[in-house]
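Let me begin by presenting the structure, written as structure tokens, before commenting on it.
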Amino acid sequence: METGTRGGTSRPEWVGLPGGLLTLRRLLLVIWTVPLAAGTALLLGLTAGPLWAAAGALWLGGLAWGWVLLGRNWRSWRYAERADDLLISRGVLWRAQTVVPYGRMQLVEVTSGPLERRFGLASVQLHTAAAATDAKIPGLVPAEAERLRDRLTELGEARSAGL
């Protein structure tokens with residue numbers, strides 16, 4: 001998988017996140033909202049009457065709304081490797097673009113929690129001297145996360161300011 005800028009062009013080649021992250025987040029949304037909807041409907045149906053049990057459908061409306069928002073958020077995440085830095089872009093309403101110069105990186109780590117491992121995902125976290133740097137790329141395939149970690153480490157050492 002080739003990424004980054006080729007030749008003399010200054011336009012970055014953006015890479016999006018794989019679909020496994022979206023699947024994981026949507027599954028978590030369903031796991032939380034369906035029991036809440038059932039619990040609300042059951043509780044209100046037994047205590048306030050059957051008509052009030054329909055209030056459990058509010059959770060299902062939240063599920064539908066969250067389903068769409070998760071898709072939009074997932075599509076907004078992307079990254080690009082350039083000659084001197086890594087670009088990370090994210091956000092739907094409030095867009096954020098983080099530029100991390102290779103020479104400023106101090107640590108590049110790949111993490112994967114239990115659910116991420118179950119779905120075959122990993123995250124790359126970049127640490128710099130700036131405490132406010134939020135340079136994280138979630139939901140990558142483990143092989144791509146390791147490749148990115150190795151490449152960023154190599155480029156960081158070549159720039160000799162970090163790592």
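Every chain in the structure tokens has a letter given in the order shown (A, B, ...), and although residue numbers restart at 1 in each chain, ligands are simply numbered from 1 in the order shown.
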Q | Close residues, Val99 of chain A itself excluded, 8 Å, only C-alpha atoms, min 4 positions apart in chain, as a VMD selection string | A | chain A and resid 85 to 88
Got time to write the residues from that selection, N, CA, C and O atoms, as a PDB file, in the first residue's frame?
ATOM      1  N   ASP A  85       6.451  15.488   6.844  1.00  0.00           N
ATOM      2  CA  ASP A  85       5.511  15.406   7.955  1.00  0.00           C
ATOM      3  C   ASP A  85       4.368  14.451   7.643  1.00  0.00           C
ATOM      4  O   ASP A  85       4.204  13.999   6.531  1.00  0.00           O
ATOM      5  N   LEU A  86       3.594  14.182   8.688  1.00  0.00           N
ATOM      6  CA  LEU A  86       2.407  13.340   8.591  1.00  0.00           C
ATOM      7  C   LEU A  86       1.199  14.226   8.852  1.00  0.00           C
ATOM      8  O   LEU A  86       1.181  14.995   9.811  1.00  0.00           O
ATOM      9  N   LEU A  87       0.200  14.132   7.987  1.00  0.00           N
ATOM     10  CA  LEU A  87      -1.034  14.896   8.148  1.00  0.00           C
ATOM     11  C   LEU A  87      -2.130  13.959   8.632  1.00  0.00           C
ATOM     12  O   LEU A  87      -2.275  12.855   8.110  1.00  0.00           O
ATOM     13  N   ILE A  88      -2.890  14.412   9.624  1.00  0.00           N
ATOM     14  CA  ILE A  88      -4.053  13.661  10.106  1.00  0.00           C
ATOM     15  C   ILE A  88      -5.232  14.626  10.085  1.00  0.00           C
ATOM     16  O   ILE A  88      -5.169  15.703  10.685  1.00  0.00           O
TER      17      ILE A  88
END
Q: Select, from A:Leu148, A:Leu51, A:Val100, A:Val108, the residue with the minimum atom-to-atom distance to Gln125 of chain A, counting only C-alpha atoms.
A: A:Val108
Q: Give the strand (DSSP E) residues of chain A, as assigned by DSSP on the backbone, as a PyMOL selection string.
A: chain A and resi 15-16+78-81+85-90+96-101+105-111+122-128+135-140
Counting only C-alpha atoms, which residues of segment 8-78 of chain A sit at most 10 Å from some atom of segment 126-146 of chain A, and what is each one's closest atom pair with its distance in Å to one decimal, listed by chain and rising residue number, as a tab-separated table?
residue	atom	partner	partner_atom	distance
A:Gly16	CA	A:Leu140	CA	9.3
A:Leu17	CA	A:Leu140	CA	6.3
A:Pro18	CA	A:Leu140	CA	6.3
A:Gly19	CA	A:Gly139	CA	8.4
A:Gly20	CA	A:Gly139	CA	7.0
A:Leu21	CA	A:Gly139	CA	4.9
A:Leu22	CA	A:Gly139	CA	8.4
A:Leu24	CA	A:Gly139	CA	9.2
A:Trp74	CA	A:Gly139	CA	9.6
A:Trp77	CA	A:Ile137	CA	8.1
A:Arg78	CA	A:Ile137	CA	8.1
Please, could you write that set of residues out with all heavy atoms as a short mmCIF file (atom, residue, chain, number, x, y, z; two decimals), in the first residue's frame?
data_model
loop_
_atom_site.label_atom_id
_atom_site.label_comp_id
_atom_site.auth_asym_id
_atom_site.auth_seq_id
_atom_site.Cartn_x
_atom_site.Cartn_y
_atom_site.Cartn_z
N GLY A 16 -7.91 6.77 3.76
CA GLY A 16 -8.99 6.67 4.74
C GLY A 16 -8.82 5.46 5.64
O GLY A 16 -7.91 4.65 5.46
N LEU A 17 -9.68 5.36 6.62
CA LEU A 17 -9.62 4.24 7.56
C LEU A 17 -10.38 3.04 7.01
O LEU A 17 -11.36 3.21 6.29
CB LEU A 17 -10.22 4.66 8.91
CG LEU A 17 -9.54 5.81 9.62
CD1 LEU A 17 -10.24 6.08 10.94
CD2 LEU A 17 -8.07 5.55 9.84
N PRO A 18 -9.95 1.82 7.37
CA PRO A 18 -10.69 0.64 6.93
C PRO A 18 -12.06 0.55 7.59
O PRO A 18 -12.31 1.15 8.64
CB PRO A 18 -9.78 -0.53 7.35
CG PRO A 18 -8.87 0.02 8.38
CD PRO A 18 -8.75 1.49 8.13
N GLY A 19 -12.95 -0.22 6.97
CA GLY A 19 -14.33 -0.32 7.44
C GLY A 19 -14.53 -1.04 8.76
O GLY A 19 -15.59 -0.95 9.36
N GLY A 20 -13.52 -1.76 9.24
CA GLY A 20 -13.65 -2.49 10.50
C GLY A 20 -13.93 -1.58 11.68
O GLY A 20 -14.66 -1.95 12.61
N LEU A 21 -13.37 -0.38 11.67
CA LEU A 21 -13.60 0.56 12.76
C LEU A 21 -15.06 0.99 12.80
O LEU A 21 -15.67 1.06 13.87
CB LEU A 21 -12.68 1.78 12.62
CG LEU A 21 -12.83 2.85 13.69
CD1 LEU A 21 -12.40 2.30 15.05
CD2 LEU A 21 -12.02 4.07 13.34
N LEU A 22 -15.64 1.25 11.65
CA LEU A 22 -17.05 1.63 11.58
C LEU A 22 -17.94 0.49 12.08
O LEU A 22 -18.88 0.72 12.84
CB LEU A 22 -17.43 2.04 10.16
CG LEU A 22 -18.87 2.44 9.93
CD1 LEU A 22 -19.24 3.65 10.78
CD2 LEU A 22 -19.11 2.73 8.46
N LEU A 24 -17.14 -1.87 14.22
CA LEU A 24 -16.97 -1.97 15.67
C LEU A 24 -17.78 -0.90 16.39
O LEU A 24 -18.50 -1.20 17.35
CB LEU A 24 -15.49 -1.85 16.04
CG LEU A 24 -15.16 -1.72 17.53
CD1 LEU A 24 -15.61 -2.97 18.28
CD2 LEU A 24 -13.68 -1.46 17.72
N TRP A 74 -16.60 8.45 10.64
CA TRP A 74 -15.63 7.50 10.11
C TRP A 74 -15.07 7.99 8.77
O TRP A 74 -13.88 7.90 8.52
CB TRP A 74 -16.29 6.13 9.98
CG TRP A 74 -15.45 5.15 9.24
CD1 TRP A 74 -14.36 4.47 9.70
CD2 TRP A 74 -15.63 4.74 7.88
NE1 TRP A 74 -13.86 3.65 8.71
CE2 TRP A 74 -14.62 3.80 7.58
CE3 TRP A 74 -16.55 5.07 6.89
CZ2 TRP A 74 -14.50 3.20 6.34
CZ3 TRP A 74 -16.43 4.46 5.65
CH2 TRP A 74 -15.41 3.54 5.40
N TRP A 77 -12.17 10.75 8.91
CA TRP A 77 -10.80 10.42 9.33
C TRP A 77 -9.96 10.03 8.13
O TRP A 77 -10.36 9.17 7.34
CB TRP A 77 -10.81 9.25 10.32
CG TRP A 77 -11.05 9.66 11.72
CD1 TRP A 77 -12.26 9.78 12.33
CD2 TRP A 77 -10.07 9.97 12.71
NE1 TRP A 77 -12.09 10.14 13.64
CE2 TRP A 77 -10.75 10.27 13.89
CE3 TRP A 77 -8.68 10.03 12.70
CZ2 TRP A 77 -10.10 10.63 15.06
CZ3 TRP A 77 -8.03 10.38 13.86
CH2 TRP A 77 -8.73 10.68 15.02
N ARG A 78 -8.78 10.63 8.00
CA ARG A 78 -7.84 10.27 6.95
C ARG A 78 -6.44 10.74 7.34
O ARG A 78 -6.29 11.58 8.22
CB ARG A 78 -8.27 10.84 5.61
CG ARG A 78 -8.42 12.35 5.63
CD ARG A 78 -9.09 12.85 4.38
NE ARG A 78 -9.08 14.32 4.41
CZ ARG A 78 -9.15 15.08 3.36
NH1 ARG A 78 -9.23 14.53 2.17
NH2 ARG A 78 -9.13 16.38 3.47
#
